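Shown next: model_21.csv, given as CSV, C-alpha atoms and all ligand atoms.
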```
chain,number,residue,atom,x,y,z
A,1238,MET,CA,-46.9,140.2,-175.4
A,1239,ILE,CA,-44.4,137.5,-174.4
A,1240,VAL,CA,-45.5,134.1,-173.0
A,1241,THR,CA,-42.8,133.5,-170.4
A,1242,ARG,CA,-43.9,130.2,-168.9
A,1243,LEU,CA,-46.1,127.1,-169.3
A,1244,ASP,CA,-46.8,124.6,-166.6
A,1245,VAL,CA,-48.8,121.5,-167.2
A,1246,LYS,CA,-49.7,118.6,-164.9
A,1247,ASP,CA,-51.5,115.4,-165.8
A,1248,TYR,CA,-52.1,116.9,-169.2
A,1249,ARG,CA,-52.0,114.5,-172.2
A,1250,ASN,CA,-48.7,112.6,-172.0
A,1251,ALA,CA,-47.0,115.1,-169.7
A,1252,ARG,CA,-47.5,114.2,-166.0
A,1253,SER,CA,-45.6,117.3,-164.9
A,1254,ARG,CA,-43.7,119.8,-167.1
A,1255,THR,CA,-42.5,123.4,-166.9
A,1256,VAL,CA,-41.3,125.3,-169.9
A,1257,GLU,CA,-39.8,128.7,-170.0
A,1258,PHE,CA,-39.9,130.8,-173.1
A,1259,LYS,CA,-38.0,133.8,-174.3
A,1260,ALA,CA,-38.9,136.6,-176.7
A,1261,GLY,CA,-38.3,135.8,-180.3
A,1262,ARG,CA,-38.1,132.2,-181.5
A,1263,ASN,CA,-38.7,129.1,-179.4
A,1264,ALA,CA,-38.8,125.6,-180.7
A,1265,PHE,CA,-40.1,122.3,-179.2
A,1266,VAL,CA,-37.8,119.8,-180.6
A,1267,GLY,CA,-38.1,116.0,-180.3
A,1268,ALA,CA,-39.0,112.8,-182.1
A,1269,ASN,CA,-42.5,112.0,-183.2
A,1270,ALA,CA,-45.2,111.4,-180.5
A,1271,ARG,CA,-43.0,113.0,-177.8
A,1272,GLY,CA,-45.7,115.6,-177.0
A,1273,LYS,CA,-44.6,118.7,-178.9
A,1274,THR,CA,-48.0,119.5,-180.4
A,1275,ASN,CA,-49.5,118.7,-177.0
A,1276,LEU,CA,-47.6,121.5,-175.4
A,1277,LEU,CA,-48.4,123.9,-178.2
A,1278,GLU,CA,-52.0,123.0,-177.7
A,1279,ALA,CA,-51.8,123.9,-174.0
A,1280,VAL,CA,-50.7,127.5,-174.8
A,1281,TYR,CA,-53.4,127.7,-177.5
A,1282,PHE,CA,-56.0,126.5,-174.9
A,1283,ALA,CA,-55.0,129.2,-172.5
A,1284,GLY,CA,-55.5,131.7,-175.4
A,1285,VAL,CA,-58.9,130.7,-176.7
A,1286,GLY,CA,-60.3,128.3,-174.1
A,1287,LYS,CA,-60.4,125.2,-176.3
A,1288,SER,CA,-58.1,122.9,-178.3
A,1289,PHE,CA,-57.5,123.1,-182.0
A,1290,ARG,CA,-57.4,119.3,-182.2
A,1291,THR,CA,-60.5,118.2,-180.5
A,1292,PRO,CA,-63.8,119.7,-179.3
A,1293,ARG,CA,-63.7,117.4,-176.3
A,1294,ASP,CA,-61.7,119.0,-173.6
A,1295,LYS,CA,-61.6,115.8,-171.6
A,1296,GLU,CA,-59.2,114.2,-174.1
A,1297,LEU,CA,-56.6,116.5,-172.7
A,1298,ILE,CA,-56.6,114.8,-169.4
A,1299,ASN,CA,-53.9,112.2,-169.0
A,1300,SER,CA,-55.5,108.9,-169.4
A,1301,ASP,CA,-54.5,107.8,-165.9
A,1302,CYS,CA,-55.8,110.9,-164.2
A,1303,ASP,CA,-59.0,112.7,-163.4
A,1304,ARG,CA,-57.9,116.3,-163.8
A,1305,ALA,CA,-55.5,118.2,-166.0
A,1306,TYR,CA,-53.9,121.5,-165.1
A,1307,ILE,CA,-52.6,124.2,-167.5
A,1308,SER,CA,-51.0,127.4,-166.4
A,1309,VAL,CA,-49.6,130.1,-168.7
A,1310,THR,CA,-47.8,133.3,-167.7
A,1311,ALA,CA,-47.5,136.2,-170.1
A,1312,GLU,CA,-45.9,139.6,-169.9
A,1313,LYS,CA,-47.9,142.4,-171.5
A,1314,PRO,CA,-47.2,146.2,-171.6
A,1315,SER,CA,-49.9,146.4,-168.9
A,1316,GLY,CA,-48.3,143.9,-166.6
A,1317,THR,CA,-48.1,140.1,-165.9
A,1318,GLU,CA,-51.1,137.9,-166.7
A,1319,THR,CA,-51.6,134.4,-165.6
A,1320,VAL,CA,-54.2,131.9,-167.0
A,1321,LYS,CA,-54.9,128.8,-165.0
A,1322,ILE,CA,-57.2,126.0,-166.3
A,1323,ILE,CA,-58.4,122.9,-164.6
A,1324,ILE,CA,-60.1,120.3,-166.9
A,1325,ASP,CA,-62.0,117.8,-164.8
A,1326,ARG,CA,-63.4,114.4,-166.0
A,1327,ARG,CA,-66.5,114.9,-163.9
A,1328,ALA,CA,-67.1,118.6,-163.9
A,1329,ASN,CA,-67.0,121.7,-166.1
A,1330,LYS,CA,-63.6,123.2,-166.8
A,1331,ARG,CA,-62.5,125.9,-164.4
A,1332,VAL,CA,-60.5,129.0,-165.5
A,1333,ALA,CA,-58.8,131.6,-163.4
A,1334,VAL,CA,-57.3,134.8,-164.8
A,1335,ASN,CA,-54.8,136.4,-162.4
A,1336,GLU,CA,-55.9,134.0,-159.7
A,1337,LEU,CA,-59.5,135.1,-160.0
A,1338,PRO,CA,-62.0,132.4,-161.1
A,1339,ILE,CA,-64.0,133.6,-164.1
A,1340,SER,CA,-67.6,132.7,-164.5
A,1341,ARG,CA,-67.9,133.3,-168.3
A,1342,MET,CA,-65.4,132.1,-170.9
A,1343,SER,CA,-65.7,135.5,-172.6
A,1344,GLU,CA,-63.5,136.9,-169.8
A,1345,LEU,CA,-60.6,134.7,-171.0
A,1346,MET,CA,-60.7,136.2,-174.5
A,1347,GLY,CA,-57.9,138.5,-175.3
A,1348,VAL,CA,-55.9,137.8,-172.1
A,1349,CYS,CA,-53.3,135.8,-174.0
A,1350,PRO,CA,-53.8,136.3,-177.7
A,1351,VAL,CA,-52.5,133.5,-180.0
A,1352,VAL,CA,-52.3,132.9,-183.7
A,1353,LEU,CA,-51.9,129.3,-184.9
A,1354,PHE,CA,-50.2,128.1,-188.0
A,1355,CYS,CA,-50.8,124.4,-188.7
A,1356,PRO,CA,-51.0,122.1,-191.8
A,1357,ASP,CA,-54.8,122.2,-191.6
A,1358,GLY,CA,-54.7,126.0,-191.6
A,1359,LEU,CA,-52.8,125.9,-194.9
A,1360,LYS,CA,-55.9,124.2,-196.3
A,1361,ILE,CA,-58.3,126.8,-195.1
A,1362,VAL,CA,-58.8,128.2,-198.6
A,1363,LYS,CA,-60.0,125.0,-200.2
A,1364,GLU,CA,-61.7,123.4,-197.2
A,1365,ALA,CA,-65.4,123.7,-196.3
A,1366,PRO,CA,-67.0,127.1,-195.4
A,1367,ALA,CA,-67.0,126.0,-191.7
A,1368,ASP,CA,-63.2,126.2,-191.6
A,1369,ARG,CA,-63.2,129.8,-193.0
A,1370,ARG,CA,-65.9,130.7,-190.4
A,1371,ARG,CA,-63.8,129.2,-187.6
A,1372,PHE,CA,-60.9,131.3,-188.8
A,1373,MET,CA,-62.9,134.5,-188.5
A,1374,ASP,CA,-64.6,133.5,-185.2
A,1375,ILE,CA,-61.4,132.5,-183.4
A,1376,SER,CA,-59.8,135.9,-184.3
A,1377,LEU,CA,-62.9,137.9,-183.5
A,1378,CYS,CA,-63.5,136.2,-180.2
A,1379,GLN,CA,-60.0,137.2,-179.1
A,1380,ILE,CA,-60.5,140.7,-180.2
A,1381,SER,CA,-64.0,141.1,-178.7
A,1382,LYS,CA,-65.6,139.6,-175.6
A,1383,ALA,CA,-69.0,140.9,-177.0
A,1384,TYR,CA,-68.5,138.9,-180.1
A,1385,PHE,CA,-67.7,135.8,-178.1
A,1386,ALA,CA,-70.9,136.4,-176.1
A,1387,ALA,CA,-73.0,137.0,-179.2
A,1388,LEU,CA,-71.6,133.8,-180.9
A,1389,SER,CA,-72.3,131.7,-177.8
A,1390,ARG,CA,-75.9,133.0,-177.6
A,1391,TYR,CA,-76.4,132.5,-181.3
A,1392,ASP,CA,-75.3,128.9,-181.0
A,1393,LYS,CA,-77.6,128.2,-178.2
A,1394,ILE,CA,-80.6,129.8,-180.0
A,1395,LEU,CA,-79.8,127.8,-183.1
A,1396,GLN,CA,-79.6,124.6,-181.2
A,1397,SER,CA,-83.0,125.3,-179.6
A,1398,ARG,CA,-84.6,126.2,-182.9
A,1399,ASN,CA,-83.2,123.0,-184.5
A,1400,ARG,CA,-84.4,120.9,-181.5
A,1401,LEU,CA,-87.9,122.3,-182.0
A,1402,LEU,CA,-87.7,121.5,-185.8
A,1403,LYS,CA,-86.6,118.0,-185.0
A,1404,SER,CA,-89.3,117.5,-182.4
A,1405,GLY,CA,-92.0,117.9,-185.0
A,1406,GLY,CA,-93.7,120.6,-182.9
A,1407,ALA,CA,-92.5,123.4,-185.1
A,1408,THR,CA,-95.1,125.8,-186.6
A,1409,VAL,CA,-94.8,129.4,-187.8
A,1410,ASN,CA,-95.9,130.5,-184.4
A,1411,THR,CA,-93.7,128.3,-182.2
A,1412,LEU,CA,-90.7,129.2,-184.4
A,1413,ALA,CA,-91.3,133.0,-184.4
A,1414,PRO,CA,-89.6,133.8,-181.0
A,1415,TRP,CA,-86.6,131.8,-182.0
A,1416,ASP,CA,-86.5,133.5,-185.5
A,1417,GLU,CA,-86.5,136.9,-183.8
A,1418,LEU,CA,-83.7,136.0,-181.4
A,1419,LEU,CA,-81.6,134.3,-184.1
A,1420,ALA,CA,-81.8,137.3,-186.4
A,1421,GLU,CA,-81.0,139.6,-183.4
A,1422,GLU,CA,-77.8,137.8,-182.4
A,1423,GLY,CA,-77.0,136.8,-186.1
A,1424,ALA,CA,-77.0,140.5,-187.1
A,1425,LYS,CA,-74.3,141.3,-184.5
A,1426,ILE,CA,-72.2,138.4,-185.8
A,1427,VAL,CA,-72.5,139.4,-189.5
A,1428,LYS,CA,-71.7,143.0,-188.8
A,1429,SER,CA,-68.6,142.1,-186.9
A,1430,ARG,CA,-67.4,139.6,-189.5
A,1431,ARG,CA,-67.9,142.2,-192.2
A,1432,GLY,CA,-65.9,144.8,-190.3
A,1433,PHE,CA,-63.2,142.2,-189.6
A,1434,LEU,CA,-62.9,141.2,-193.3
A,1435,ASP,CA,-62.7,144.8,-194.4
A,1436,ARG,CA,-59.8,145.4,-192.2
A,1437,LEU,CA,-58.2,142.0,-192.8
A,1438,SER,CA,-58.3,142.5,-196.6
A,1439,GLY,CA,-56.0,145.6,-196.4
A,1440,PHE,CA,-53.4,143.6,-194.6
A,1441,ALA,CA,-53.8,140.5,-196.7
A,1442,TYR,CA,-53.3,142.5,-199.8
A,1443,GLU,CA,-49.9,143.7,-198.4
A,1444,LYS,CA,-48.9,140.2,-197.3
A,1445,ILE,CA,-49.6,138.5,-200.6
A,1446,ALA,CA,-47.6,141.2,-202.4
A,1447,TYR,CA,-44.7,140.4,-200.0
A,1448,LEU,CA,-45.0,136.6,-200.4
A,1449,THR,CA,-45.3,136.7,-204.2
A,1450,GLU,CA,-43.1,139.7,-204.8
A,1451,GLY,CA,-45.7,140.9,-207.2
A,1452,ALA,CA,-49.1,142.2,-207.6
A,1453,GLU,CA,-51.5,139.4,-207.0
A,1454,ALA,CA,-54.8,141.1,-206.3
A,1455,LEU,CA,-56.3,139.4,-203.4
A,1456,ALA,CA,-59.9,140.3,-202.4
A,1457,LEU,CA,-62.0,139.0,-199.5
A,1458,GLU,CA,-65.7,139.3,-199.5
A,1459,TYR,CA,-68.2,138.2,-196.9
A,1460,GLU,CA,-70.9,135.9,-198.3
A,1461,GLY,CA,-73.9,136.3,-196.1
A,1462,ALA,CA,-76.6,138.7,-195.2
A,1463,SER,CA,-76.0,142.2,-196.6
A,1464,GLY,CA,-76.7,145.5,-195.0
A,1465,ASN,CA,-74.8,148.4,-193.6
A,1466,ASP,CA,-76.2,148.5,-190.1
A,1467,ILE,CA,-77.5,146.0,-187.6
A,1468,GLY,CA,-81.1,146.8,-188.4
A,1469,GLU,CA,-80.8,146.2,-192.1
A,1470,ILE,CA,-78.8,142.9,-191.5
A,1471,LYS,CA,-81.4,141.8,-189.0
A,1472,SER,CA,-84.3,142.3,-191.4
A,1473,GLU,CA,-82.4,140.6,-194.2
A,1474,LEU,CA,-81.8,137.6,-191.9
A,1475,LEU,CA,-85.4,137.5,-190.9
A,1476,SER,CA,-86.5,137.4,-194.5
A,1477,SER,CA,-84.1,134.5,-195.4
A,1478,ILE,CA,-85.4,132.6,-192.3
A,1479,LYS,CA,-89.0,133.1,-193.6
A,1480,ARG,CA,-88.0,132.2,-197.2
A,1481,ASP,CA,-86.4,129.0,-195.9
A,1482,PHE,CA,-89.4,128.0,-193.7
A,1483,ASP,CA,-90.5,125.1,-196.0
A,1484,ASN,CA,-87.0,123.7,-196.3
A,1485,ASP,CA,-86.4,124.0,-192.5
A,1486,MET,CA,-89.7,122.2,-191.8
A,1487,ARG,CA,-88.9,119.4,-194.3
A,1488,LEU,CA,-85.3,118.8,-193.4
A,1489,ARG,CA,-85.7,119.8,-189.8
A,1490,TYR,CA,-82.8,122.2,-189.4
A,1491,THR,CA,-82.1,125.9,-189.9
A,1492,HIS,CA,-80.8,126.5,-193.4
A,1493,SER,CA,-79.7,130.1,-193.4
A,1494,GLY,CA,-77.8,132.5,-191.1
A,1495,PRO,CA,-74.3,133.2,-190.1
A,1496,HIS,CA,-73.7,129.6,-189.3
A,1497,LYS,CA,-73.8,129.0,-193.1
A,1498,ASP,CA,-71.9,132.0,-194.3
A,1499,ASP,CA,-68.5,132.0,-196.1
A,1500,ILE,CA,-65.6,134.2,-197.2
A,1501,LYS,CA,-65.3,134.6,-200.9
A,1502,ILE,CA,-61.6,134.7,-201.7
A,1503,THR,CA,-60.5,135.9,-205.2
A,1504,LEU,CA,-57.1,136.2,-206.6
A,1505,ASN,CA,-56.8,138.4,-209.7
A,1506,GLY,CA,-60.6,138.1,-210.1
A,1507,THR,CA,-60.7,134.2,-209.9
A,1508,ASP,CA,-62.3,132.3,-207.0
A,1509,VAL,CA,-59.3,130.6,-205.4
A,1510,ARG,CA,-61.5,128.3,-203.3
A,1511,THR,CA,-62.3,126.3,-206.4
A,1512,TYR,CA,-59.9,127.3,-209.1
A,1513,GLY,CA,-56.7,128.1,-207.2
A,1514,SER,CA,-53.7,125.8,-207.6
A,1515,GLN,CA,-52.4,124.2,-204.4
A,1516,GLY,CA,-49.5,126.7,-204.4
A,1517,GLN,CA,-51.9,129.7,-204.7
A,1518,GLN,CA,-54.1,128.3,-202.0
A,1519,ARG,CA,-51.2,128.0,-199.7
A,1520,THR,CA,-49.9,131.4,-200.4
A,1521,VAL,CA,-53.3,132.9,-199.8
A,1522,ALA,CA,-53.7,130.9,-196.5
A,1523,LEU,CA,-50.3,132.2,-195.3
A,1524,SER,CA,-51.3,135.8,-196.3
A,1525,LEU,CA,-54.5,135.5,-194.3
A,1526,LYS,CA,-52.6,134.3,-191.2
A,1527,LEU,CA,-50.0,137.0,-191.6
A,1528,ALA,CA,-52.8,139.5,-192.0
A,1529,GLU,CA,-54.4,138.1,-188.9
A,1530,ILE,CA,-51.3,138.8,-186.9
A,1531,SER,CA,-51.2,142.4,-188.1
A,1532,LEU,CA,-54.8,142.9,-187.3
A,1533,LEU,CA,-54.7,141.4,-183.8
A,1534,THR,CA,-51.6,143.4,-183.0
A,1535,GLU,CA,-53.2,146.7,-184.2
A,1536,VAL,CA,-56.5,146.1,-182.4
A,1537,MET,CA,-55.2,144.7,-179.2
A,1538,GLY,CA,-52.2,147.0,-178.9
A,1539,THR,CA,-50.0,144.0,-178.2
A,1540,SER,CA,-48.7,141.2,-180.4
A,1541,PRO,CA,-50.1,137.7,-180.1
A,1542,VAL,CA,-47.8,134.7,-179.6
A,1543,LEU,CA,-47.5,132.7,-182.8
A,1544,LEU,CA,-47.8,129.0,-182.6
A,1545,LEU,CA,-46.4,127.0,-185.5
A,1546,ASP,CA,-47.1,123.3,-185.6
A,1547,ASP,CA,-45.3,121.4,-188.3
A,1548,VAL,CA,-45.8,124.0,-190.9
A,1549,PHE,CA,-42.3,124.3,-192.2
A,1550,SER,CA,-42.2,120.7,-193.4
A,1551,GLU,CA,-45.2,121.6,-195.6
A,1552,LEU,CA,-43.6,124.6,-197.2
A,1553,ASP,CA,-41.0,124.9,-200.0
A,1554,VAL,CA,-37.7,126.6,-199.2
A,1555,ASN,CA,-38.8,129.9,-200.6
A,1556,ARG,CA,-42.1,130.2,-198.7
A,1557,ARG,CA,-40.3,128.9,-195.5
A,1558,LYS,CA,-37.8,131.7,-195.7
A,1559,LYS,CA,-40.4,134.3,-196.4
A,1560,LEU,CA,-42.5,133.1,-193.5
A,1561,LEU,CA,-39.6,133.1,-191.1
A,1562,ALA,CA,-38.7,136.6,-192.1
A,1563,ALA,CA,-42.3,137.8,-191.8
A,1564,LEU,CA,-42.4,136.4,-188.2
A,1565,ASP,CA,-39.2,138.2,-187.2
A,1566,GLY,CA,-39.7,140.3,-184.1
A,1567,PHE,CA,-42.7,138.3,-182.9
A,1568,GLN,CA,-42.6,135.6,-180.3
A,1569,THR,CA,-43.0,132.3,-182.0
A,1570,ILE,CA,-43.2,128.7,-180.6
A,1571,ILE,CA,-42.4,126.2,-183.3
A,1572,THR,CA,-42.5,122.4,-183.3
A,1573,SER,CA,-39.9,120.4,-185.1
A,1574,THR,CA,-38.4,117.0,-185.2
A,1575,ASP,CA,-34.9,118.2,-185.9
A,1576,ASP,CA,-33.0,121.1,-184.4
A,1577,ASP,CA,-30.4,121.5,-187.2
A,1578,GLU,CA,-32.6,124.0,-189.1
A,1579,PHE,CA,-32.7,126.3,-186.1
A,1580,ALA,CA,-29.0,126.3,-185.2
A,1581,GLU,CA,-28.2,129.5,-187.1
A,1582,PHE,CA,-31.2,131.5,-185.9
A,1583,GLY,CA,-30.4,131.7,-182.2
A,1584,VAL,CA,-33.6,129.8,-181.3
A,1585,ASN,CA,-34.4,128.8,-177.8
A,1586,VAL,CA,-34.5,125.1,-178.3
A,1587,ILE,CA,-36.6,123.2,-175.8
A,1588,ASN,CA,-36.0,119.4,-176.0
A,1589,ILE,CA,-39.2,117.4,-175.5
A,1601,LIG,N1,-55.0,112.1,-172.8
A,1601,LIG,C1,-53.8,111.5,-173.0
A,1601,LIG,N2,-53.2,110.8,-172.1
A,1601,LIG,C2,-52.0,110.2,-172.3
A,1601,LIG,N3,-51.3,110.3,-173.4
A,1601,LIG,C3,-51.8,111.1,-174.4
A,1601,LIG,C4,-53.1,111.7,-174.3
A,1601,LIG,N4,-53.3,112.4,-175.4
A,1601,LIG,C5,-52.3,112.2,-176.2
A,1601,LIG,N5,-51.3,111.4,-175.6
A,1601,LIG,C6,-50.1,111.0,-176.2
A,1601,LIG,O1,-49.3,112.1,-176.7
A,1601,LIG,C7,-48.5,111.6,-177.7
A,1601,LIG,C8,-48.6,112.5,-179.0
A,1601,LIG,O2,-48.2,113.8,-178.6
A,1601,LIG,P1,-48.0,114.9,-179.8
A,1601,LIG,O3,-47.9,116.1,-179.0
A,1601,LIG,O4,-49.1,114.8,-180.8
A,1601,LIG,O5,-46.6,114.4,-180.4
A,1601,LIG,P2,-45.6,115.2,-181.3
A,1601,LIG,O6,-44.4,115.4,-180.5
A,1601,LIG,O7,-45.4,114.3,-182.5
A,1601,LIG,O8,-46.3,116.5,-181.7
A,1601,LIG,C9,-49.0,110.2,-178.1
A,1601,LIG,O9,-48.0,109.3,-177.7
A,1601,LIG,C10,-50.3,110.1,-177.4
A,1601,LIG,O10,-50.5,108.8,-177.1
A,1602,MG,MG,-47.0,117.1,-183.6
```

Written as structure tokens, how would this file's structure read?
Ligand SMILES: Nc1ncnc2c1ncn2[C@@H]1O[C@H](COP(=O)(O)OP(=O)(O)O)[C@@H](O)[C@H]1O
Ligand SMILES: [Mg+2]
Amino acid sequence: MIVTRLDVKDYRNARSRTVEFKAGRNAFVGANARGKTNLLEAVYFAGVGKSFRTPRDKELINSDCDRAYISVTAEKPSGTETVKIIIDRRANKRVAVNELPISRMSELMGVCPVVLFCPDGLKIVKEAPADRRRFMDISLCQISKAYFAALSRYDKILQSRNRLLKSGGATVNTLAPWDELLAEEGAKIVKSRRGFLDRLSGFAYEKIAYLTEGAEALALEYEGASGNDIGEIKSELLSSIKRDFDNDMRLRYTHSGPHKDDIKITLNGTDVRTYGSQGQQRTVALSLKLAEISLLTEVMGTSPVLLLDDVFSELDVNRRKKLLAALDGFQTIITSTDDDEFAEFGVNVINI
């Protein structure tokens, strides 16, 4: 897939801006605070329906305006796709795909697949489990509308169950219907994440071999409910919910379930989350992102657009070269404060 055009209006610091992209490498170049990351964020938003910088969509509206507009056009083997988004200070955001308003955000998933590389992403290995769950979720949501729907339902059920626990009105009986629903949706999430990690590890293994020019044995393992099918996972989830009943009542929130799960990442048998050097953790993070590109491309039958925000400044020369070479052939949009480094690559430089 190639993103050919981005239009924004009253969006962050851009009152009106149109950008045209080409296949291959594109770079937003400009001094600090000019709005490079903002524009990358707009393309990302069209891909996954939210920002990678804030959970509050309204922050994207120019501070002098009431509404922000984002429009992204992409060429796919199946034809042209357009995504139009209106973020409104006083109403829910509105999204149209190919000019048709969508009623569920799940319909946006997969229309314009994106993979983001950013300095925070390089920390994914050592950060909290929530960051590793987000990594799986963002990928899986783009791959599967059903996953997005299950995740949204799970979050709502979890919030309801937690509200009940906080209200003080929780008993075994009042919780029971929520437990059942939570395990039902939770099992779908766990099953999909396990399948995702199985496929991802094959790619990640290849990518780390490429990055390190050696045989670093990388293994990814899902830490959460076990079981081979939905039924088994569901009953395991139900038993952990029961097991945690006293804790849930005492601390008034739900202790176990896919919202607490993690990815165990081992390198040559050692847990890199805690014991990896910073260099190893970065190499593993890059391998995971490169693996994600391969997986999305395979599953979706078209390649995602790769968004790289300030990652090169964070990498040593060797990793930088390897990364650039690995991204060859994909459409990339890079942000940078200086265009010298792109001169030799025939990059489409877009001055911001
Ligand atoms: N909602 C908004 N309204 C107006 N300006 C904004 C808004 N959000 C961010 N900005 C401005 O955008 C600029 C930062 O843009 P950013 O894309 O992060 O810059 P960079 O080019 O360094 O990546 C800042 O000057 C900030 O004040
Ligand atoms: Mg920036």

Just want the 10 Å neighbourhood of range 1413-1426 of chain A, counted on all atoms listed in the file, with same-chain residues fewer than 5 positions away dropped. Output as a PDB file with C-alpha atoms, in the coordinates of the input.
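Written file, result-v9.pdb:
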```
ATOM      1  CA  ASP A1374     -64.600 133.500-185.200  1.00  0.00           C
ATOM      2  CA  LEU A1377     -62.900 137.900-183.500  1.00  0.00           C
ATOM      3  CA  ALA A1383     -69.000 140.900-177.000  1.00  0.00           C
ATOM      4  CA  TYR A1384     -68.500 138.900-180.100  1.00  0.00           C
ATOM      5  CA  PHE A1385     -67.700 135.800-178.100  1.00  0.00           C
ATOM      6  CA  ALA A1386     -70.900 136.400-176.100  1.00  0.00           C
ATOM      7  CA  ALA A1387     -73.000 137.000-179.200  1.00  0.00           C
ATOM      8  CA  LEU A1388     -71.600 133.800-180.900  1.00  0.00           C
ATOM      9  CA  SER A1389     -72.300 131.700-177.800  1.00  0.00           C
ATOM     10  CA  ARG A1390     -75.900 133.000-177.600  1.00  0.00           C
ATOM     11  CA  TYR A1391     -76.400 132.500-181.300  1.00  0.00           C
ATOM     12  CA  ASP A1392     -75.300 128.900-181.000  1.00  0.00           C
ATOM     13  CA  LYS A1393     -77.600 128.200-178.200  1.00  0.00           C
ATOM     14  CA  ILE A1394     -80.600 129.800-180.000  1.00  0.00           C
ATOM     15  CA  LEU A1395     -79.800 127.800-183.100  1.00  0.00           C
ATOM     16  CA  SER A1397     -83.000 125.300-179.600  1.00  0.00           C
ATOM     17  CA  ARG A1398     -84.600 126.200-182.900  1.00  0.00           C
ATOM     18  CA  ASN A1399     -83.200 123.000-184.500  1.00  0.00           C
ATOM     19  CA  LEU A1401     -87.900 122.300-182.000  1.00  0.00           C
ATOM     20  CA  ALA A1407     -92.500 123.400-185.100  1.00  0.00           C
ATOM     21  CA  THR A1408     -95.100 125.800-186.600  1.00  0.00           C
ATOM     22  CA  ARG A1431     -67.900 142.200-192.200  1.00  0.00           C
ATOM     23  CA  ALA A1462     -76.600 138.700-195.200  1.00  0.00           C
ATOM     24  CA  SER A1463     -76.000 142.200-196.600  1.00  0.00           C
ATOM     25  CA  GLY A1464     -76.700 145.500-195.000  1.00  0.00           C
ATOM     26  CA  ASP A1466     -76.200 148.500-190.100  1.00  0.00           C
ATOM     27  CA  ILE A1467     -77.500 146.000-187.600  1.00  0.00           C
ATOM     28  CA  GLY A1468     -81.100 146.800-188.400  1.00  0.00           C
ATOM     29  CA  GLU A1469     -80.800 146.200-192.100  1.00  0.00           C
ATOM     30  CA  ILE A1470     -78.800 142.900-191.500  1.00  0.00           C
ATOM     31  CA  LYS A1471     -81.400 141.800-189.000  1.00  0.00           C
ATOM     32  CA  SER A1472     -84.300 142.300-191.400  1.00  0.00           C
ATOM     33  CA  GLU A1473     -82.400 140.600-194.200  1.00  0.00           C
ATOM     34  CA  LEU A1474     -81.800 137.600-191.900  1.00  0.00           C
ATOM     35  CA  LEU A1475     -85.400 137.500-190.900  1.00  0.00           C
ATOM     36  CA  SER A1476     -86.500 137.400-194.500  1.00  0.00           C
ATOM     37  CA  SER A1477     -84.100 134.500-195.400  1.00  0.00           C
ATOM     38  CA  ILE A1478     -85.400 132.600-192.300  1.00  0.00           C
ATOM     39  CA  LYS A1479     -89.000 133.100-193.600  1.00  0.00           C
ATOM     40  CA  THR A1491     -82.100 125.900-189.900  1.00  0.00           C
ATOM     41  CA  GLY A1494     -77.800 132.500-191.100  1.00  0.00           C
ATOM     42  CA  PRO A1495     -74.300 133.200-190.100  1.00  0.00           C
ATOM     43  CA  HIS A1496     -73.700 129.600-189.300  1.00  0.00           C
TER      44      HIS A1496
END
```

Hey, could you make a per-residue contact list for chain A against ligand LIG 1601 (chain A) with 10 Å as the cut-off, showing the nearest pair of atoms and its distance in Å to one decimal, counting all atoms listed in the file, sorted by chain and number, as CSV?
```
residue,atom,partner,partner_atom,distance
A:Asp1247,CA,A:LIG1601,N2,8.0
A:Tyr1248,CA,A:LIG1601,N1,6.7
A:Arg1249,CA,A:LIG1601,C1,3.6
A:Asn1250,CA,A:LIG1601,N3,3.7
A:Ala1251,CA,A:LIG1601,N3,7.4
A:Arg1252,CA,A:LIG1601,C2,8.7
A:Phe1265,CA,A:LIG1601,O6,8.2
A:Val1266,CA,A:LIG1601,O6,7.9
A:Gly1267,CA,A:LIG1601,O6,6.3
A:Ala1268,CA,A:LIG1601,O6,6.2
A:Asn1269,CA,A:LIG1601,O7,3.8
A:Ala1270,CA,A:LIG1601,O5,3.3
A:Arg1271,CA,A:LIG1601,O6,3.9
A:Gly1272,CA,A:LIG1601,O3,3.0
A:Lys1273,CA,A:LIG1601,O6,3.7
A:Thr1274,CA,A:LIG1601,O3,3.7
A:Asn1275,CA,A:LIG1601,O3,3.6
A:Leu1276,CA,A:LIG1601,O3,6.5
A:Leu1277,CA,A:LIG1601,O3,7.9
A:Glu1278,CA,A:LIG1601,O3,8.1
A:Arg1290,CA,A:LIG1601,O4,9.5
A:Asp1294,CA,A:LIG1601,N1,9.7
A:Lys1295,CA,A:LIG1601,N1,7.7
A:Glu1296,CA,A:LIG1601,N1,4.9
A:Leu1297,CA,A:LIG1601,N1,4.7
A:Ile1298,CA,A:LIG1601,N1,4.6
A:Asn1299,CA,A:LIG1601,N2,3.5
A:Ser1300,CA,A:LIG1601,N2,4.0
A:Asp1301,CA,A:LIG1601,N2,7.0
A:Cys1302,CA,A:LIG1601,N2,8.3
A:Ala1305,CA,A:LIG1601,N1,9.1
A:Asp1546,CA,A:LIG1601,O8,7.9
A:Asp1547,CA,A:LIG1601,O8,8.3
A:Thr1572,CA,A:LIG1601,O8,7.2
A:Ser1573,CA,A:LIG1601,O6,8.1
A:Thr1574,CA,A:LIG1601,O6,7.8
A:Ile1589,CA,A:LIG1601,O6,7.5
```

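Taking CA of Val1240 in chain A as the reference point, CA of Phe1258 in chain A is found at 6.5 Å.
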
CA of Leu1545 in chain A and CA of Ile1587 in chain A, how far apart in Å?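 Those two atoms sit 14.3 Å apart.
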
Can you pull out every residue within 10 Å of range 1322-1324 of chain A, counting only C-alpha atoms, but drop anything in the same chain fewer than 5 positions away, and send it as a ChimeraX atom specification? /A:1245-1248,1279,1282-1283,1286,1294-1298,1303-1309,1329-1334,1338
